[in-house]
$ cat query.pdb   # PDB, C-alpha atoms (C1' of nucleotides)
ATOM      1  CA  MET H 229     170.315 178.958 177.561
ATOM      2  CA  THR H 230     168.660 181.846 179.302
ATOM      3  CA  LYS H 231     165.657 181.988 181.529
ATOM      4  CA  ASN H 232     162.644 180.669 179.732
ATOM      5  CA  ARG H 233     159.184 181.124 181.155
ATOM      6  CA  ARG H 234     157.802 177.974 179.539
ATOM      7  CA  ALA H 235     160.590 175.716 180.750
ATOM      8  CA  GLU H 236     160.315 177.291 184.172
ATOM      9  CA  LYS H 237     156.637 176.411 184.404
ATOM     10  CA  ARG H 238     157.081 172.858 183.221
ATOM     11  CA  LEU H 239     160.017 172.162 185.494
ATOM     12  CA  ASN H 240     158.130 173.498 188.484
ATOM     13  CA  ARG H 241     155.096 171.460 187.578
ATOM     14  CA  ILE H 242     157.123 168.276 187.264
ATOM     15  CA  TYR H 243     158.609 168.920 190.679
ATOM     16  CA  ARG H 244     155.202 169.548 192.210
ATOM     17  CA  ASP H 245     153.700 166.388 190.692
ATOM     18  CA  LEU H 246     156.606 164.231 191.800
ATOM     19  CA  PHE H 247     156.648 165.632 195.301
ATOM     20  CA  ASN H 248     152.894 165.256 195.685
ATOM     21  CA  SER H 249     153.133 161.688 194.501
ATOM     22  CA  PHE H 250     156.271 160.451 196.252
ATOM     23  CA  GLY H 251     156.861 162.892 199.104
ATOM     24  CA  PRO H 252     160.302 163.815 200.455
ATOM     25  CA  GLN H 253     163.058 161.338 199.608
ATOM     26  CA  HIS H 254     165.485 162.233 202.423
ATOM     27  CA  TRP H 255     168.578 162.182 200.256
ATOM     28  CA  TRP H 256     171.471 161.425 200.228
ATOM     29  CA  PRO H 257     170.968 158.007 201.861
ATOM     30  CA  GLY H 258     174.191 158.344 203.852
ATOM     31  CA  GLU H 259     175.041 159.331 207.382
ATOM     32  CA  THR H 260     177.939 161.750 207.024
ATOM     33  CA  SER H 261     179.357 164.014 204.331
ATOM     34  CA  PHE H 262     182.300 161.697 204.034
ATOM     35  CA  GLU H 263     180.058 158.725 203.476
ATOM     36  CA  VAL H 264     178.299 160.684 200.742
ATOM     37  CA  CYS H 265     181.599 161.348 198.979
ATOM     38  CA  ILE H 266     182.555 157.687 199.107
ATOM     39  CA  GLY H 267     179.107 156.606 197.972
ATOM     40  CA  ALA H 268     179.188 159.059 195.072
ATOM     41  CA  ILE H 269     182.271 157.342 193.683
ATOM     42  CA  LEU H 270     181.136 153.811 194.447
ATOM     43  CA  THR H 271     177.757 154.246 192.781
ATOM     44  CA  GLN H 272     179.188 155.120 189.376
ATOM     45  CA  ASN H 273     177.174 153.070 186.893
ATOM     46  CA  THR H 274     176.232 150.755 189.735
ATOM     47  CA  ASN H 275     173.129 149.717 191.609
ATOM     48  CA  TRP H 276     172.899 151.421 194.986
ATOM     49  CA  GLN H 277     172.216 148.131 196.744
ATOM     50  CA  ASN H 278     175.666 146.882 195.808
ATOM     51  CA  VAL H 279     177.158 150.111 197.098
ATOM     52  CA  GLU H 280     175.374 149.808 200.435
ATOM     53  CA  LYS H 281     177.045 146.487 201.102
ATOM     54  CA  ALA H 282     180.453 147.987 200.423
ATOM     55  CA  ILE H 283     179.767 150.950 202.690
ATOM     56  CA  SER H 284     178.428 148.660 205.373
ATOM     57  CA  ASN H 285     181.714 146.702 205.256
ATOM     58  CA  LEU H 286     183.674 149.901 205.750
ATOM     59  CA  THR H 287     181.398 150.924 208.604
ATOM     60  CA  LYS H 288     181.724 147.571 210.351
ATOM     61  CA  GLU H 289     185.490 147.834 210.188
ATOM     62  CA  LYS H 290     185.249 151.410 211.476
ATOM     63  CA  LEU H 291     187.154 152.645 208.468
ATOM     64  CA  LEU H 292     184.744 155.326 207.343
ATOM     65  CA  SER H 293     186.906 158.337 208.060
ATOM     66  CA  PRO H 294     189.285 160.211 205.754
ATOM     67  CA  ARG H 295     192.351 159.367 207.835
ATOM     68  CA  LYS H 296     191.595 155.653 208.145
ATOM     69  CA  LEU H 297     190.749 155.175 204.508
ATOM     70  CA  HIS H 298     193.753 157.206 203.467
ATOM     71  CA  ARG H 299     196.000 154.852 205.392
ATOM     72  CA  LEU H 300     194.242 151.648 204.377
ATOM     73  CA  PRO H 301     196.234 149.570 201.872
ATOM     74  CA  GLN H 302     194.576 149.661 198.468
ATOM     75  CA  LYS H 303     194.467 145.857 198.281
ATOM     76  CA  ARG H 304     192.402 145.731 201.429
ATOM     77  CA  LEU H 305     190.131 148.452 200.106
ATOM     78  CA  VAL H 306     189.527 146.419 196.965
ATOM     79  CA  GLN H 307     188.329 143.500 199.087
ATOM     80  CA  LEU H 308     186.005 145.619 201.186
ATOM     81  CA  ILE H 309     184.297 147.313 198.241
ATOM     82  CA  HIS H 310     184.117 144.148 196.159
ATOM     83  CA  SER H 311     180.312 144.108 195.986
ATOM     84  CA  SER H 312     180.154 147.487 194.305
ATOM     85  CA  GLY H 313     181.724 146.210 191.098
ATOM     86  CA  TYR H 314     184.652 147.815 189.190
ATOM     87  CA  PHE H 315     186.467 147.332 192.479
ATOM     88  CA  ASN H 316     189.996 147.863 191.196
ATOM     89  CA  ILE H 317     189.225 151.075 189.410
ATOM     90  CA  LYS H 318     187.004 152.349 192.224
ATOM     91  CA  ALA H 319     189.600 151.651 194.904
ATOM     92  CA  ALA H 320     192.047 153.675 192.831
ATOM     93  CA  ARG H 321     189.495 156.474 192.443
ATOM     94  CA  LEU H 322     188.788 156.570 196.173
ATOM     95  CA  LYS H 323     192.516 156.837 196.796
ATOM     96  CA  GLU H 324     192.796 159.641 194.248
ATOM     97  CA  PHE H 325     190.072 161.549 196.057
ATOM     98  CA  LEU H 326     191.679 160.967 199.442
ATOM     99  CA  ASN H 327     195.080 162.066 198.187
ATOM    100  CA  PHE H 328     193.442 165.220 196.884
ATOM    101  CA  LEU H 329     191.656 165.806 200.184
ATOM    102  CA  PHE H 330     194.866 165.472 202.177
ATOM    103  CA  ASP H 331     197.112 167.336 199.759
ATOM    104  CA  LYS H 332     194.841 170.347 199.463
ATOM    105  CA  TYR H 333     192.817 170.430 202.687
ATOM    106  CA  GLY H 334     194.697 168.397 205.267
ATOM    107  CA  GLY H 335     192.062 165.670 205.108
ATOM    108  CA  SER H 336     189.274 167.987 206.258
ATOM    109  CA  LEU H 337     186.018 168.010 204.326
ATOM    110  CA  GLU H 338     184.990 171.067 206.283
ATOM    111  CA  LYS H 339     187.970 172.953 204.929
ATOM    112  CA  MET H 340     187.319 171.629 201.463
ATOM    113  CA  PHE H 341     183.772 172.936 201.480
ATOM    114  CA  GLN H 342     184.906 176.370 202.620
ATOM    115  CA  GLU H 343     186.408 176.718 199.185
ATOM    116  CA  LYS H 344     184.469 178.822 196.711
ATOM    117  CA  THR H 345     182.080 176.460 194.980
ATOM    118  CA  GLN H 346     183.208 177.099 191.418
ATOM    119  CA  VAL H 347     186.849 176.790 192.391
ATOM    120  CA  LEU H 348     186.184 173.555 194.235
ATOM    121  CA  ARG H 349     184.195 172.242 191.310
ATOM    122  CA  THR H 350     187.068 172.785 188.917
ATOM    123  CA  ARG H 351     189.482 171.182 191.337
ATOM    124  CA  LEU H 352     187.315 168.143 191.959
ATOM    125  CA  LEU H 353     186.889 167.628 188.230
ATOM    126  CA  SER H 354     190.644 167.510 187.856
ATOM    127  CA  VAL H 355     190.803 164.493 190.181
ATOM    128  CA  ASN H 356     191.097 161.326 188.139
ATOM    129  CA  GLY H 357     187.907 159.331 188.567
ATOM    130  CA  ILE H 358     185.666 162.268 189.422
ATOM    131  CA  GLY H 359     183.509 163.383 186.519
ATOM    132  CA  PRO H 360     180.641 165.875 186.386
ATOM    133  CA  GLU H 361     177.991 163.792 188.120
ATOM    134  CA  THR H 362     180.212 162.530 190.916
ATOM    135  CA  CYS H 363     181.579 166.037 191.436
ATOM    136  CA  ASP H 364     178.150 167.626 191.580
ATOM    137  CA  SER H 365     176.789 164.917 193.876
ATOM    138  CA  ILE H 366     179.596 165.683 196.298
ATOM    139  CA  LEU H 367     178.950 169.421 196.094
ATOM    140  CA  LEU H 368     175.196 169.129 196.548
ATOM    141  CA  TYR H 369     174.723 166.156 198.832
ATOM    142  CA  ALA H 370     177.887 166.342 200.916
ATOM    143  CA  GLY H 371     178.556 170.093 200.778
ATOM    144  CA  ASN H 372     175.001 171.422 200.562
ATOM    145  CA  LYS H 373     175.963 173.656 197.615
ATOM    146  CA  PRO H 374     173.224 174.722 195.183
ATOM    147  CA  ILE H 375     174.416 172.670 192.200
ATOM    148  CA  PHE H 376     171.945 170.528 190.241
ATOM    149  CA  VAL H 377     173.010 166.930 189.639
ATOM    150  CA  ILE H 378     172.295 165.344 186.259
ATOM    151  CA  ASP H 379     172.204 161.607 185.727
ATOM    152  CA  THR H 380     170.881 159.144 183.153
ATOM    153  CA  TYR H 381     167.413 159.102 184.719
ATOM    154  CA  THR H 382     167.209 162.864 184.541
ATOM    155  CA  LYS H 383     168.173 162.901 180.897
ATOM    156  CA  ARG H 384     165.767 160.125 179.989
ATOM    157  CA  ILE H 385     162.845 161.779 181.735
ATOM    158  CA  LEU H 386     163.528 165.187 180.212
ATOM    159  CA  LEU H 387     163.814 163.588 176.784
ATOM    160  CA  ARG H 388     160.363 162.069 177.206
ATOM    161  CA  HIS H 389     159.012 165.477 178.020
ATOM    162  CA  LYS H 390     160.806 166.972 175.051
ATOM    163  CA  LEU H 391     162.451 169.507 177.306
ATOM    164  CA  ILE H 392     165.829 168.591 175.822
ATOM    165  CA  LYS H 393     167.148 167.010 172.643
ATOM    166  CA  GLU H 394     168.985 163.748 172.375
ATOM    167  CA  ASP H 395     172.332 165.476 171.906
ATOM    168  CA  ALA H 396     172.019 167.707 175.003
ATOM    169  CA  THR H 397     175.193 167.635 177.074
ATOM    170  CA  TYR H 398     175.479 167.347 180.836
ATOM    171  CA  TYR H 399     175.940 171.094 181.037
ATOM    172  CA  ASP H 400     173.022 171.883 178.736
ATOM    173  CA  ILE H 401     170.720 169.938 181.027
ATOM    174  CA  GLN H 402     172.225 171.337 184.183
ATOM    175  CA  GLU H 403     171.760 174.868 182.880
ATOM    176  CA  LEU H 404     168.157 174.189 182.044
ATOM    177  CA  PHE H 405     167.462 173.425 185.698
ATOM    178  CA  MET H 406     169.691 176.050 187.219
ATOM    179  CA  GLU H 407     168.544 178.919 185.006
ATOM    180  CA  ASN H 408     164.887 178.152 185.535
ATOM    181  CA  LEU H 409     164.579 177.176 189.195
ATOM    182  CA  SER H 410     165.357 179.169 192.301
ATOM    183  CA  LYS H 411     168.951 178.620 193.353
ATOM    184  CA  SER H 412     168.324 176.420 196.355
ATOM    185  CA  ALA H 413     170.326 173.422 197.538
ATOM    186  CA  LYS H 414     167.267 172.081 199.318
ATOM    187  CA  LEU H 415     165.200 172.216 196.121
ATOM    188  CA  TYR H 416     167.960 170.731 193.942
ATOM    189  CA  ASN H 417     168.477 167.976 196.470
ATOM    190  CA  GLU H 418     164.847 166.952 196.577
ATOM    191  CA  TYR H 419     164.264 167.407 192.861
ATOM    192  CA  HIS H 420     167.077 165.162 191.746
ATOM    193  CA  ALA H 421     166.179 162.532 194.331
ATOM    194  CA  LEU H 422     162.601 162.548 193.039
ATOM    195  CA  LEU H 423     163.767 162.104 189.447
ATOM    196  CA  VAL H 424     165.806 159.072 190.481
ATOM    197  CA  ARG H 425     162.849 157.732 192.409
ATOM    198  CA  LEU H 426     160.681 158.085 189.318
ATOM    199  CA  GLY H 427     163.339 156.459 187.164
ATOM    200  CA  LYS H 428     163.401 153.467 189.493
ATOM    201  CA  GLU H 429     159.660 153.345 189.972
ATOM    202  CA  ILE H 430     158.843 152.956 186.329
ATOM    203  CA  CYS H 431     160.778 150.997 183.803
ATOM    204  CA  LEU H 432     161.100 153.442 180.977
ATOM    205  CA  LYS H 433     162.537 150.911 178.607
ATOM    206  CA  ASN H 434     160.319 147.918 179.015
ATOM    207  CA  LYS H 435     157.028 149.470 179.993
ATOM    208  CA  PRO H 436     156.349 152.244 177.508
ATOM    209  CA  LYS H 437     152.857 152.704 178.894
ATOM    210  CA  CYS H 438     153.383 152.585 182.602
ATOM    211  CA  GLN H 439     150.109 153.309 184.434
ATOM    212  CA  ILE H 440     151.514 154.483 187.706
ATOM    213  CA  CYS H 441     153.631 157.338 186.450
ATOM    214  CA  PRO H 442     152.544 160.573 188.146
ATOM    215  CA  LEU H 443     153.707 162.553 185.143
ATOM    216  CA  ARG H 444     151.158 162.011 182.434
ATOM    217  CA  LYS H 445     153.667 162.774 179.732
ATOM    218  CA  ILE H 446     155.854 159.843 180.661
ATOM    219  CA  ARG H 447     154.054 156.783 179.466
TER     220      ARG H 447
ATOM    221  C1'  DT Z1283     169.251 133.739 181.200
ATOM    222  C1'  DG Z1284     170.603 138.114 179.965
ATOM    223  C1'  DC Z1285     170.171 142.800 180.971
ATOM    224  C1'  DC Z1286     170.832 146.582 183.726
ATOM    225  C1'  DA Z1287     172.405 149.809 187.438
ATOM    226  C1'  DG Z1288     172.504 157.183 190.450
ATOM    227  C1'  DG Z1289     179.982 157.071 185.200
ATOM    228  C1'  DC Z1290     184.461 157.866 183.824
ATOM    229  C1'  DC Z1291     188.794 157.235 181.490
ATOM    230  C1'  DG Z1292     191.920 156.565 177.683
ATOM    231  C1'  DG Z1293     192.999 155.437 173.092
ATOM    232  C1'  DG Z1294     191.622 155.655 168.446
ATOM    233  C1'  DT Z1295     189.602 158.166 164.636
TER     234       DT Z1295
ATOM    235  C1'  DA E 904     185.827 166.988 168.955
ATOM    236  C1'  DC E 905     183.411 162.720 169.193
ATOM    237  C1'  DC E 906     183.234 157.535 169.662
ATOM    238  C1'  DC E 907     183.811 153.340 171.910
ATOM    239  C1'  DG E 908     185.612 149.463 174.699
ATOM    240  C1'  DG E 909     186.717 148.430 179.290
ATOM    241  C1'  DC E 910     185.712 148.147 183.998
ATOM    242  C1'  DA E 911     182.427 143.844 187.376
ATOM    243  C1'  DT E 912     179.042 142.768 190.868
ATOM    244  C1'  DG E 913     174.346 141.259 192.382
ATOM    245  C1'  DG E 914     169.254 141.440 191.592
ATOM    246  C1'  DC E 915     165.415 140.603 188.808
TER     247       DC E 915
END
$ encode --input "query.pdb" --output "structure tokens"
Amino acid sequence: MTKNRRAEKRLNRIYRDLFNSFGPQHWWPGETSFEVCIGAILTQNTNWQNVEKAISNLTKEKLLSPRKLHRLPQKRLVQLIHSSGYFNIKAARLKEFLNFLFDKYGGSLEKMFQEKTQVLRTRLLSVNGIGPETCDSILLYAGNKPIFVIDTYTKRILLRHKLIKEDATYYDIQELFMENLSKSAKLYNEYHALLVRLGKEICLKNKPKCQICPLRKIR
DNA sequence: TGCCAGGCCGGGT
DNA sequence: ACCCGGCATGGC
């Protein structure tokens, strides 16, 4: 996929329409970079509301730091993140991430993000439990790196606009955005947040002719 | 009530 | 190289 004037125009128009309609989304809805990393893992295939409860438990217990979570027994972690669902597997994934963070960067996110982005991306993807979306969410929303995040909402919306085909992969879709938009973390941040907002605002499955959609093509 | 939510892994073809 | 079952809660 190379730069494509038509795609460029449509993607910019979609962004403009969404921003005009919804305004800035102030993403990621987390306080610190570390909280973003934890949230990115906890929200895998899970409603954000359930994740917020889990994060709020960790906050209350003052456990929301790499060192504290690294030391916390996994059984206790399972209890605290119970509301986020898949608690056993997610506790293990959080531990995998923390082990990685301490092994490679002495537990410092700051050090981790000093790594060259592409190198860090490859390394994060090798952590068990971190796939493309979780990895890119960490890079963009915790590390402020210009990497576009793709999720199910994004794919669904682009399908409706016929900007991609059904069989497009994560990387196909990511390339479409990154080849055709200016390489800006701020833009990627807001754009993806707006797509999620749109995905939540309208029910694409049950309301095929939603009236409130700001994008005329999504009905 | 049943369906869905800001995925990813591992085993089977 | 795909395909699919499993993982689990809380809200509507």
$ resolve_selection --input "query.pdb" --expression "the PyMOL selection byres ((chain H) within 8 of (chain Z))" --output "list in words"
Thr271, Gln272, Asn273, Thr274, Asn275, Trp276, Gly357, Ile358, Gly359, Glu361, Thr362, Asp379, Thr380, Tyr381 and Val424 of chain H
$ resolve_selection --input "query.pdb" --expression "the PyMOL selection byres ((chain E) within 12 of (chain H))" --output "list in words"
DC905, DG909, DC910, DA911, DT912, DG913 and DG914 of chain E
$ closest_residue --input "query.pdb" --among "H:Gly427, H:Leu308, H:Ser354, H:Leu404" --to "Thr382 (chain H)" --atoms "only C-alpha atoms"
H:Gly427
$ atom_distance --input "query.pdb" --atom1 "CA of Met406 (chain H)" --atom2 "CA of Gly267 (chain H)"
24.1 Å
